[in-house]
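Next comes coords_16.tsv, a file with TSV, C-alpha atoms and all ligand atoms.
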```
chain	number	residue	atom	x	y	z
A	1	MET	CA	59.88	54.92	115.85
A	2	SER	CA	57.43	57.40	117.41
A	3	SER	CA	57.02	60.82	115.81
A	4	LEU	CA	58.81	63.75	117.44
A	5	ARG	CA	56.77	66.45	119.19
A	6	ILE	CA	57.63	69.85	117.72
A	7	GLY	CA	56.74	73.33	118.99
A	8	VAL	CA	56.95	76.23	116.53
A	9	MET	CA	57.63	79.77	117.75
A	10	GLY	CA	56.31	82.35	115.30
A	11	ALA	CA	53.46	81.62	112.87
A	12	GLY	CA	54.47	84.24	110.30
A	13	ILE	CA	55.65	83.75	106.71
A	14	ILE	CA	58.31	81.12	107.29
A	15	GLY	CA	56.79	79.77	110.52
A	16	ARG	CA	53.74	78.67	108.54
A	17	GLU	CA	55.98	76.82	106.06
A	18	HIS	CA	57.60	74.99	108.97
A	19	ILE	CA	54.21	74.22	110.50
A	20	ALA	CA	53.00	72.70	107.20
A	21	LEU	CA	56.18	70.64	106.80
A	22	VAL	CA	56.07	69.37	110.39
A	23	GLY	CA	52.46	68.34	109.82
A	24	ALA	CA	53.31	66.57	106.55
A	25	SER	CA	56.27	64.53	107.82
A	26	PRO	CA	55.67	61.07	109.31
A	27	ASP	CA	58.60	61.71	111.66
A	28	THR	CA	57.22	64.86	113.31
A	29	ARG	CA	54.03	66.01	114.95
A	30	LEU	CA	53.05	69.65	115.52
A	31	THR	CA	52.40	69.88	119.25
A	32	ALA	CA	52.15	73.62	119.98
A	33	ILE	CA	52.52	77.07	118.46
A	34	ALA	CA	53.71	80.26	120.13
A	35	ASP	CA	52.53	83.48	118.51
A	36	VAL	CA	51.22	86.82	119.70
A	37	THR	CA	48.68	87.41	116.94
A	38	GLU	CA	45.04	86.46	116.47
A	39	SER	CA	45.90	84.85	113.14
A	40	GLY	CA	48.44	82.65	114.93
A	41	ARG	CA	45.82	81.62	117.47
A	42	GLN	CA	43.33	80.85	114.68
A	43	LEU	CA	45.85	78.70	112.83
A	44	ALA	CA	46.56	76.73	116.01
A	45	GLU	CA	42.83	76.22	116.54
A	46	GLU	CA	42.41	74.95	112.95
A	47	LEU	CA	45.28	72.52	113.48
A	48	GLY	CA	44.00	71.40	116.89
A	49	VAL	CA	47.04	72.48	118.91
A	50	THR	CA	47.48	74.98	121.73
A	51	CYS	CA	48.68	78.49	120.90
A	52	TYR	CA	50.73	80.24	123.55
A	53	ALA	CA	51.18	84.02	123.50
A	54	ASP	CA	54.28	83.58	125.67
A	55	TYR	CA	56.82	81.22	124.10
A	56	ARG	CA	58.34	80.46	127.51
A	57	GLU	CA	54.98	79.17	128.67
A	58	MET	CA	54.92	76.87	125.64
A	59	LEU	CA	58.33	75.50	126.58
A	60	ASP	CA	57.25	74.86	130.18
A	61	ASP	CA	53.76	73.59	129.48
A	62	ALA	CA	53.81	71.58	126.26
A	63	ALA	CA	55.61	68.24	126.17
A	64	LEU	CA	58.12	68.85	123.37
A	65	ASP	CA	61.05	66.99	121.85
A	66	ALA	CA	62.31	69.99	119.88
A	67	VAL	CA	61.53	73.54	118.80
A	68	ILE	CA	61.60	75.56	115.58
A	69	VAL	CA	62.21	79.28	116.16
A	70	ALA	CA	60.74	81.48	113.40
A	71	LEU	CA	60.51	84.72	115.36
A	72	PRO	CA	61.85	88.15	114.34
A	73	ASN	CA	65.65	88.29	114.47
A	74	ALA	CA	65.80	90.41	117.63
A	75	LEU	CA	64.08	87.60	119.60
A	76	HIS	CA	66.38	84.78	118.44
A	77	ARG	CA	68.83	85.15	121.33
A	78	ASP	CA	66.32	85.00	124.17
A	79	ALA	CA	64.20	82.32	122.54
A	80	GLY	CA	67.25	80.20	121.68
A	81	LEU	CA	68.66	80.44	125.20
A	82	ALA	CA	65.27	79.46	126.62
A	83	CYS	CA	65.26	76.31	124.43
A	84	ILE	CA	68.84	75.40	125.33
A	85	GLU	CA	68.17	75.86	129.07
A	86	ARG	CA	65.41	73.28	128.75
A	87	GLY	CA	67.59	70.86	126.76
A	88	LEU	CA	65.49	71.17	123.61
A	89	PRO	CA	67.22	70.79	120.22
A	90	THR	CA	66.40	73.85	118.15
A	91	LEU	CA	66.06	74.75	114.50
A	92	MET	CA	66.81	78.47	114.63
A	93	GLU	CA	65.82	80.48	111.57
A	94	LYS	CA	68.55	82.53	109.94
A	95	PRO	CA	70.29	84.75	110.85
A	96	ILE	CA	71.31	83.07	114.09
A	97	ALA	CA	70.75	86.42	115.84
A	98	ASP	CA	70.60	90.12	115.18
A	99	THR	CA	74.11	90.79	116.52
A	100	LEU	CA	77.37	88.85	116.62
A	101	ALA	CA	77.45	89.09	120.43
A	102	ALA	CA	74.01	87.48	120.65
A	103	GLY	CA	74.99	84.80	118.13
A	104	LEU	CA	78.15	83.98	120.09
A	105	GLU	CA	76.11	83.66	123.29
A	106	LEU	CA	73.89	81.13	121.57
A	107	ALA	CA	76.87	79.19	120.21
A	108	GLU	CA	78.55	79.06	123.61
A	109	ALA	CA	75.35	78.05	125.40
A	110	SER	CA	74.58	75.33	122.84
A	111	GLU	CA	78.11	73.91	123.09
A	112	ALA	CA	78.28	74.11	126.90
A	113	ALA	CA	74.93	72.39	127.36
A	114	GLY	CA	75.46	69.88	124.55
A	115	VAL	CA	72.10	70.88	123.08
A	116	PRO	CA	72.26	71.01	119.26
A	117	MET	CA	71.13	74.08	117.36
A	118	LEU	CA	70.61	73.84	113.60
A	119	ILE	CA	70.54	77.20	111.81
A	120	GLY	CA	67.90	77.54	109.08
A	121	HIS	CA	70.16	78.20	106.11
A	122	HIS	CA	67.96	75.90	104.05
A	123	ARG	CA	69.99	76.03	100.84
A	124	ARG	CA	72.60	73.77	102.41
A	125	HIS	CA	70.01	70.98	102.13
A	126	SER	CA	69.29	71.59	98.47
A	127	PRO	CA	70.39	68.70	96.22
A	128	ASP	CA	72.21	71.04	93.78
A	129	MET	CA	74.26	72.50	96.62
A	130	VAL	CA	75.01	69.11	98.15
A	131	GLU	CA	76.14	67.80	94.73
A	132	ALA	CA	78.18	70.94	94.01
A	133	ARG	CA	79.94	70.66	97.35
A	134	ARG	CA	80.66	66.96	96.77
A	135	THR	CA	82.08	67.75	93.31
A	136	ILE	CA	84.33	70.45	94.71
A	137	ARG	CA	85.41	68.42	97.76
A	138	ASP	CA	86.19	65.36	95.62
A	139	GLY	CA	88.61	67.51	93.62
A	140	GLU	CA	86.76	67.17	90.30
A	141	LEU	CA	87.35	70.87	89.58
A	142	GLY	CA	90.98	70.75	90.72
A	143	LYS	CA	92.09	73.56	93.00
A	144	LEU	CA	89.51	76.33	93.45
A	145	VAL	CA	90.59	79.47	91.59
A	146	ALA	CA	87.77	81.94	90.88
A	147	VAL	CA	84.10	82.06	91.84
A	148	ASN	CA	81.28	84.29	90.65
A	149	GLY	CA	77.69	84.67	91.80
A	150	MET	CA	74.58	86.74	91.16
A	151	TRP	CA	71.38	87.51	93.00
A	152	LEU	CA	69.45	89.85	90.73
A	153	CYS	CA	65.73	90.19	91.29
A	154	ARG	CA	63.00	92.78	91.41
A	155	LYS	CA	61.10	92.99	94.67
A	156	HIS	CA	57.54	94.31	94.56
A	157	ASP	CA	57.04	97.96	95.49
A	158	ALA	CA	54.67	97.20	98.40
A	159	TYR	CA	57.53	95.28	100.05
A	160	PHE	CA	59.02	98.68	100.88
A	161	ASP	CA	55.88	100.02	102.57
A	162	GLN	CA	57.44	99.01	105.88
A	163	VAL	CA	59.72	101.88	106.81
A	164	TRP	CA	62.55	99.71	108.21
A	165	ARG	CA	63.04	98.10	104.78
A	166	ARG	CA	64.01	101.52	103.37
A	167	GLN	CA	66.47	102.33	106.14
A	168	VAL	CA	70.07	101.29	106.72
A	169	GLY	CA	70.17	97.68	107.96
A	170	GLY	CA	66.90	96.71	106.24
A	171	GLY	CA	68.39	96.19	102.80
A	172	PRO	CA	69.42	93.21	100.69
A	173	ILE	CA	72.88	92.84	102.25
A	174	LEU	CA	71.60	91.79	105.65
A	175	ILE	CA	68.36	90.17	104.49
A	176	ASN	CA	69.37	88.35	101.29
A	177	LEU	CA	73.14	88.33	100.86
A	178	ILE	CA	73.45	86.32	104.08
A	179	HIS	CA	72.09	83.28	102.16
A	180	GLU	CA	74.70	83.79	99.44
A	181	ILE	CA	77.52	84.22	101.91
A	182	ASP	CA	76.48	81.07	103.71
A	183	ILE	CA	76.32	79.04	100.53
A	184	LEU	CA	79.66	80.39	99.27
A	185	ARG	CA	81.20	79.32	102.59
A	186	PHE	CA	79.50	75.90	102.29
A	187	LEU	CA	80.77	75.37	98.74
A	188	CYS	CA	84.08	77.17	98.61
A	189	GLY	CA	85.37	77.36	102.18
A	190	GLU	CA	86.01	80.04	104.74
A	191	ILE	CA	85.91	83.68	103.65
A	192	GLU	CA	89.01	85.55	104.74
A	193	SER	CA	88.23	89.11	103.68
A	194	VAL	CA	85.77	91.19	101.67
A	195	GLN	CA	85.57	94.50	99.84
A	196	ALA	CA	82.25	95.95	98.73
A	197	VAL	CA	80.43	98.84	97.09
A	198	THR	CA	76.72	99.56	97.23
A	199	GLY	CA	74.26	101.46	95.05
A	200	ALA	CA	71.00	103.13	96.06
A	201	ALA	CA	70.14	104.96	92.84
A	202	ALA	CA	67.62	102.44	91.47
A	203	ARG	CA	65.09	102.86	94.25
A	204	GLY	CA	66.37	106.06	95.81
A	205	PHE	CA	66.03	104.86	99.40
A	206	GLU	CA	68.46	105.45	102.26
A	207	VAL	CA	69.36	101.75	102.24
A	208	GLU	CA	71.25	100.04	99.41
A	209	ASP	CA	69.29	98.37	96.63
A	210	SER	CA	72.38	96.92	94.92
A	211	PHE	CA	75.81	95.69	95.91
A	212	ALA	CA	79.01	94.24	94.50
A	213	VAL	CA	81.34	92.24	96.71
A	214	VAL	CA	84.91	91.07	96.14
A	215	ILE	CA	85.86	88.03	98.19
A	216	LYS	CA	89.15	86.42	99.19
A	217	PHE	CA	88.76	82.85	100.45
A	218	ALA	CA	91.14	81.41	103.02
A	219	ASN	CA	92.17	78.69	100.52
A	220	GLY	CA	93.47	81.35	98.12
A	221	ALA	CA	90.51	81.40	95.71
A	222	ILE	CA	88.97	84.75	94.81
A	223	GLY	CA	85.35	85.58	94.15
A	224	SER	CA	82.87	88.27	93.22
A	225	PHE	CA	79.19	88.55	93.90
A	226	THR	CA	76.67	91.04	92.49
A	227	GLY	CA	73.18	91.58	93.86
A	228	SER	CA	70.21	93.87	93.48
A	229	ASP	CA	66.56	93.94	94.50
A	230	ALA	CA	65.69	96.30	91.63
A	231	VAL	CA	66.50	94.13	88.56
A	232	PRO	CA	64.12	91.65	86.88
A	233	SER	CA	66.21	88.57	86.04
A	234	PRO	CA	66.41	84.77	86.18
A	235	TRP	CA	69.90	85.00	87.76
A	236	MET	CA	69.10	84.20	91.33
A	237	TRP	CA	69.16	80.81	93.00
A	238	ASP	CA	65.50	80.82	94.05
A	239	VAL	CA	64.35	81.21	90.42
A	240	ALA	CA	67.08	79.13	88.76
A	241	SER	CA	66.80	76.18	91.14
A	242	GLY	CA	63.03	75.80	91.37
A	243	GLN	CA	63.49	75.03	95.05
A	244	SER	CA	61.56	77.98	96.47
A	245	PRO	CA	57.77	77.70	96.58
A	246	ASN	CA	57.19	81.46	96.16
A	247	PHE	CA	59.27	82.02	93.01
A	248	PRO	CA	58.72	81.13	89.34
A	249	HIS	CA	61.10	78.46	88.02
A	250	HIS	CA	63.36	79.35	85.09
A	251	PRO	CA	66.12	76.75	84.95
A	252	GLY	CA	69.57	78.27	84.63
A	253	SER	CA	72.57	79.15	86.72
A	254	CYS	CA	73.60	81.95	89.03
A	255	TYR	CA	76.98	80.71	90.29
A	256	THR	CA	80.08	79.77	88.35
A	257	ILE	CA	82.79	77.99	90.27
A	258	GLY	CA	86.12	77.84	88.54
A	259	GLY	CA	88.83	75.33	89.39
A	260	SER	CA	92.24	74.57	87.91
A	261	ARG	CA	90.88	71.48	86.04
A	262	ALA	CA	87.22	72.32	85.37
A	263	SER	CA	84.46	74.77	86.13
A	264	LEU	CA	80.92	74.22	87.41
A	265	SER	CA	77.70	76.16	86.96
A	266	VAL	CA	75.10	75.98	89.74
A	267	PRO	CA	72.22	75.14	89.78
A	268	GLY	CA	72.56	74.26	86.07
A	269	MET	CA	75.09	71.67	87.21
A	270	ASP	CA	77.27	71.72	84.08
A	271	VAL	CA	80.91	70.75	84.52
A	272	TRP	CA	83.09	72.20	81.74
A	273	ALA	CA	86.60	70.99	81.00
A	274	HIS	CA	88.89	70.98	77.99
A	275	GLU	CA	89.33	67.66	76.19
A	276	GLU	CA	92.03	65.46	77.66
A	277	GLY	CA	92.70	67.93	80.46
A	278	GLY	CA	93.93	70.47	77.92
A	279	ASP	CA	93.78	74.26	77.78
A	280	TRP	CA	92.00	77.00	75.76
A	281	ARG	CA	93.27	75.57	72.48
A	282	GLN	CA	91.25	72.33	72.92
A	283	PRO	CA	87.46	71.93	72.61
A	284	LEU	CA	85.44	72.24	75.80
A	285	VAL	CA	83.42	69.24	76.93
A	286	ARG	CA	80.29	69.64	79.02
A	287	ARG	CA	79.10	67.02	81.51
A	288	ARG	CA	75.81	67.56	83.32
A	289	LEU	CA	75.60	66.40	86.93
A	290	GLN	CA	72.29	64.83	87.99
A	291	PRO	CA	71.53	65.56	91.63
A	292	PRO	CA	68.45	63.88	93.11
A	293	ARG	CA	65.17	65.77	92.68
A	294	THR	CA	64.56	66.43	96.36
A	295	HIS	CA	63.56	69.75	97.94
A	296	CYS	CA	65.55	71.70	100.49
A	297	TYR	CA	62.88	72.50	103.09
A	298	PRO	CA	61.71	68.88	103.60
A	299	GLU	CA	65.38	67.81	103.50
A	300	GLN	CA	66.16	70.38	106.21
A	301	LEU	CA	63.39	68.97	108.39
A	302	ALA	CA	64.59	65.40	107.78
A	303	HIS	CA	68.07	66.49	108.84
A	304	PHE	CA	66.64	68.19	111.95
A	305	VAL	CA	64.91	64.91	112.84
A	306	ALA	CA	68.27	63.13	112.63
A	307	VAL	CA	69.83	65.86	114.80
A	308	ILE	CA	67.07	65.55	117.42
A	309	ARG	CA	67.53	61.76	117.49
A	310	GLY	CA	71.26	62.19	117.97
A	311	GLU	CA	72.01	60.51	114.63
A	312	ALA	CA	73.65	63.55	113.00
A	313	ALA	CA	75.43	66.74	113.96
A	314	PRO	CA	73.86	69.92	112.54
A	315	VAL	CA	75.05	70.61	109.00
A	316	ILE	CA	75.19	74.24	110.13
A	317	ASP	CA	75.44	74.63	113.88
A	318	ALA	CA	75.34	77.82	115.95
A	319	ARG	CA	79.10	78.44	115.60
A	320	GLU	CA	78.84	78.15	111.81
A	321	GLY	CA	75.82	80.46	111.88
A	322	VAL	CA	77.94	83.03	113.68
A	323	MET	CA	80.65	82.77	111.00
A	324	THR	CA	78.10	83.38	108.25
A	325	LEU	CA	76.73	86.38	110.14
A	326	ALA	CA	80.25	87.71	110.72
A	327	ALA	CA	81.13	87.49	107.02
A	328	THR	CA	77.86	89.20	106.06
A	329	LEU	CA	78.38	92.01	108.55
A	330	ALA	CA	81.92	92.32	107.19
A	331	VAL	CA	80.38	93.13	103.78
A	332	SER	CA	78.23	95.86	105.35
A	333	ARG	CA	81.25	97.33	107.10
A	334	ALA	CA	83.43	97.11	103.97
A	335	ALA	CA	80.80	99.01	101.98
A	336	ALA	CA	80.20	101.62	104.67
A	337	GLU	CA	83.87	102.31	105.37
A	338	GLY	CA	85.28	101.75	101.90
A	339	VAL	CA	87.93	99.35	103.17
A	340	ARG	CA	88.82	95.67	102.90
A	341	VAL	CA	87.54	93.92	106.03
A	342	GLN	CA	89.03	90.74	107.50
A	343	VAL	CA	86.19	88.52	108.73
A	344	SER	CA	88.27	87.51	111.78
A	345	ASP	CA	88.34	91.18	112.83
A	346	MET	CA	84.55	91.16	113.09
A	347	LEU	CA	84.82	88.60	115.88
A	348	THR	CA	87.50	90.40	117.87
A	349	ARG	CA	86.40	94.06	117.68
B	401	LIG	N1	64.99	80.44	105.73
B	401	LIG	C1	64.11	81.14	105.06
B	401	LIG	O1	63.79	80.82	103.92
B	401	LIG	C2	63.47	82.34	105.69
B	401	LIG	C3	62.49	83.05	104.99
B	401	LIG	C4	61.86	84.12	105.63
B	401	LIG	C5	62.23	84.47	106.92
B	401	LIG	N2	63.22	83.80	107.55
B	401	LIG	C6	63.60	84.15	108.94
B	401	LIG	O2	62.55	83.69	109.79
B	401	LIG	C7	62.32	84.62	110.84
B	401	LIG	C8	60.86	85.09	110.76
B	401	LIG	O3	60.67	85.76	109.54
B	401	LIG	P1	59.20	85.92	108.90
B	401	LIG	O4	59.40	86.53	107.57
B	401	LIG	O5	58.44	84.64	109.01
B	401	LIG	O6	58.59	87.01	109.89
B	401	LIG	P2	57.08	87.30	110.21
B	401	LIG	O7	57.04	88.68	110.75
B	401	LIG	O8	56.21	86.94	109.05
B	401	LIG	O9	56.74	86.24	111.39
B	401	LIG	C9	57.17	86.39	112.72
B	401	LIG	C10	56.09	85.84	113.63
B	401	LIG	O10	56.54	85.93	114.99
B	401	LIG	C11	55.45	86.35	115.79
B	401	LIG	N3	55.96	86.96	117.01
B	401	LIG	C12	56.55	88.17	117.15
B	401	LIG	N4	56.90	88.38	118.43
B	401	LIG	C13	56.56	87.26	119.11
B	401	LIG	C14	56.68	86.85	120.47
B	401	LIG	N5	57.24	87.62	121.39
B	401	LIG	N6	56.22	85.63	120.83
B	401	LIG	C15	55.62	84.83	119.91
B	401	LIG	N7	55.47	85.17	118.61
B	401	LIG	C16	55.93	86.36	118.21
B	401	LIG	C17	54.67	87.31	114.92
B	401	LIG	O11	53.34	87.44	115.36
B	401	LIG	C18	54.77	86.64	113.55
B	401	LIG	O12	53.69	85.76	113.32
B	401	LIG	C19	63.34	85.73	110.65
B	401	LIG	O13	64.46	85.43	111.45
B	401	LIG	C20	63.72	85.64	109.18
B	401	LIG	O14	65.04	86.10	108.92
B	401	LIG	C21	63.82	82.73	106.97
```
Once you've parsed the file, please lay out its structure as structure tokens.
Ligand SMILES: NC(=O)c1ccc[n+]([C@@H]2O[C@H](COP(=O)([O-])OP(=O)(O)OC[C@H]3O[C@@H](n4cnc5c(N)ncnc54)[C@H](O)[C@@H]3O)[C@@H](O)[C@H]2O)c1
Amino acid sequence: MSSLRIGVMGAGIIGREHIALVGASPDTRLTAIADVTESGRQLAEELGVTCYADYREMLDDAALDAVIVALPNALHRDAGLACIERGLPTLMEKPIADTLAAGLELAEASEAAGVPMLIGHHRRHSPDMVEARRTIRDGELGKLVAVNGMWLCRKHDAYFDQVWRRQVGGGPILINLIHEIDILRFLCGEIESVQAVTGAAARGFEVEDSFAVVIKFANGAIGSFTGSDAVPSPWMWDVASGQSPNFPHHPGSCYTIGGSRASLSVPGMDVWAHEEGGDWRQPLVRRRLQPPRTHCYPEQLAHFVAVIRGEAAPVIDAREGVMTLAATLAVSRAAAEGVRVQVSDMLTR
């Protein structure tokens, strides 16, 4: 089967990862780059492909089978619509868009045109997450009861040199928690409502540096999630899983998923249950799950190839991307207003 011709919009931090992966896969071929910077142009020259300053020109000029959009969030809507109009399957980096209205436009356009859009929530392709979801779905934990998660890390001080990262909207809820919300939805089901508090005392910026979220899932399970960008720790998925190229690997767990029969730690992948299905009076038995040792970014690209070829539906399509954004924005609103927010209200207000 011939390799698929891929155009990449945005040769920044994550765009360059995509460009390297597209180049490394036998199923894909980097055909063009769209970027406005000199460094983007230089990269294209090194790789022997054309660089377009105008991404629309790339879409009209280069012969493409599909596109990866790795542009700043505010450009996702226009770039995504331009791809859909031309019938090009798209891998849209997360979040689907910078607003819910823009995300919904993309979802509606993708569905109306029958052009698939895969949202770049890469963790859904990670083997630990796939195995955890299978374990939960197969009922090995019983009925989901209580879930807990952590994302505790210390970002470097220079990260905050950019003013927008110190202002409301530039903090870890909208940038980082969105991954956690998406993976909690993937593993545990739809989020019904959230309550949240934030802290800003560790860094002293206008924006939050820490947050605690209380979650009610539609299936009746409850959850809590704590996060901070001011705490050195191994309790974050990127470090515990070893799946992220830019983080040290310290094997451990950052999620505990409790069911009526057993509980599961992720990505440690230990299933704990009392002997003979008993209760707290019986010894606990630990069984370690053994997911395959694949990596999420190449797996995401392999899945995108299947989507482009019409062999699979996106594991997270535009509509799902909107739901993840809605639940994340619900956390922001819950923290700002000090109220419990129903996620469904985010889509109707
Ligand atoms: N899934 C992940 O792991 C992950 C990680 C980081 C970022 N992201 C997402 O990827 C997107 C990009 O983030 P980033 O950190 O790579 O940003 P970045 O700023 O490093 O890169 C953005 C690139 O887009 C280019 N660009 C800007 N305007 C353009 C235009 N009009 N036409 C063409 N090119 C233009 C810039 O020159 C830059 O090279 C964001 O949506 C972000 O949320 C996802």
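Selecting all polymer residues at most 6 Å from ligand LIG 401 (chain B), using all atoms listed in the file, gives A:Met9, A:Gly10, A:Ala11, A:Gly12, A:Ile13, A:Ile14, A:Gly15, A:Ala34, A:Asp35, A:Val36, A:Thr37, A:Ala53, A:Asp54, A:Tyr55, A:Ala70, A:Leu71, A:Pro72, A:Asn73, A:Glu93, A:Lys94, A:Pro95, A:Gly120, A:His121, A:His122.
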### Task
Find the spatial neighbours of stretch 258-271 of chain A, counting all atoms listed in the file, within a cut-off of 8 Å - ignore same-chain residues fewer than 6 positions away - and output them as number ranges by chain.
A: 128-129, 132, 140-147, 237, 240-241, 251-252, 277, 286-290
### Message
Using Å and a single decimal, report how far atom CA of A:Trp235 sits from atom CA of A:Val214.
### Response
18.2 Å
Sorted per-residue table, stretch 236-314 of chain A near stretch 61-68 of chain A, closest atoms and distance, 12 Å, all atoms listed in the file, as a Markdown table:
```
| residue | atom | partner | partner_atom | distance |
| --- | --- | --- | --- | --- |
| A:Gln300 | CA | A:Ile68 | CA | 11.6 |
| A:Leu301 | CA | A:Ile68 | CA | 9.9 |
| A:Phe304 | CA | A:Ala66 | CA | 9.2 |
| A:Val305 | CA | A:Ala66 | CA | 9.1 |
| A:Ala306 | CA | A:Ala66 | CA | 11.6 |
| A:Val307 | CA | A:Ala66 | CA | 10.0 |
| A:Ile308 | CA | A:Ala66 | CA | 7.0 |
| A:Arg309 | CA | A:Asp65 | CA | 9.4 |
| A:Gly310 | CA | A:Asp65 | CA | 11.9 |
```
### Query
Looking at A:Gly48, A:Ala326, A:Gly103, A:Tyr297, which one is nearest to A:His18, with distances taken over all atoms listed in the file?
A:Tyr297
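Residues lying within 12 Å of A:Val130, counting only C-alpha atoms and ignoring same-chain neighbours fewer than 3 positions away, are His122, Arg123, Arg124, His125, Ser126, Pro127, Arg133, Arg134, Thr135, Ile136, Arg137, Ile183, Phe186, Leu187, Val266, Pro267, Met269, Leu289, Gln290, Pro291, Pro292, Arg293, Thr294, His295, Cys296, Glu299 and Val315 of chain A.
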#### Entry: Pairwise distance for atom CA of A:Thr31 and atom CA of A:Leu4, rounded to one decimal in Å
9.1 Å
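Of note, atom CA of A:Gly227 and atom CA of A:Ala212 are spaced 6.4 Å apart.
The residue that comes closest to A:Trp151, out of A:Asp78, A:Ile191, A:Asp60, A:Tyr255 and on the basis of all atoms listed in the file, is A:Tyr255.
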Contact residues around A:Ile119 with all atoms listed in the file at 7 Å, ignoring same-chain residues under 6 positions, as a PDB file with C-alpha atoms, in the coordinates of the input:
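Listed below is the output, out.pdb:
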```
ATOM      1  CA  LEU A  91      66.060  74.750 114.500  1.00  0.00           C
ATOM      2  CA  MET A  92      66.810  78.470 114.630  1.00  0.00           C
ATOM      3  CA  GLU A  93      65.820  80.480 111.570  1.00  0.00           C
ATOM      4  CA  LYS A  94      68.550  82.530 109.940  1.00  0.00           C
ATOM      5  CA  ILE A  96      71.310  83.070 114.090  1.00  0.00           C
ATOM      6  CA  ILE A 316      75.190  74.240 110.130  1.00  0.00           C
ATOM      7  CA  ASP A 317      75.440  74.630 113.880  1.00  0.00           C
ATOM      8  CA  ALA A 318      75.340  77.820 115.950  1.00  0.00           C
ATOM      9  CA  GLY A 321      75.820  80.460 111.880  1.00  0.00           C
TER      10      GLY A 321
END
```
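Among the candidates A:Gly278, A:Gly338, A:Gly40, A:Gly171, the one nearest to A:Val8 when counting all atoms listed in the file is A:Gly40.
The shortest atom-to-atom distance to A:Gly170, with only C-alpha atoms taken into account, belongs to A:Ser332 out of A:Leu325, A:Ser332, A:Glu45, A:Arg319.
Surrounding stretch 339-348 of chain A within 7 Å are Glu192, Ser193, Val194, Gln195, Ala326, Ala327, Ala330 and Ala334 of chain A, with only C-alpha atoms counted and residues fewer than 3 positions along the same chain left out.
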### Task
For stretch 208-211 of chain A, work out the shell of residues within 9 Å, counting only C-alpha atoms and skipping chain neighbours fewer than 6 positions away, then give it as JSON, numbers by chain.
{"A": [152, 166, 167, 168, 169, 170, 171, 172, 173, 196, 197, 198, 199, 200, 201, 202, 225, 226, 227, 228, 229, 230, 335]}
### Query
Taking into account all atoms listed in the file, which residue in the set A:Gly189, A:Glu320, A:Leu75, A:Glu311 is nearest to A:Ala107?
A:Glu320
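Taking all atoms listed in the file into account, A:Thr50 lies nearest to A:Gly7 out of the set A:Pro314, A:Pro89, A:Gly114, A:Gly7.
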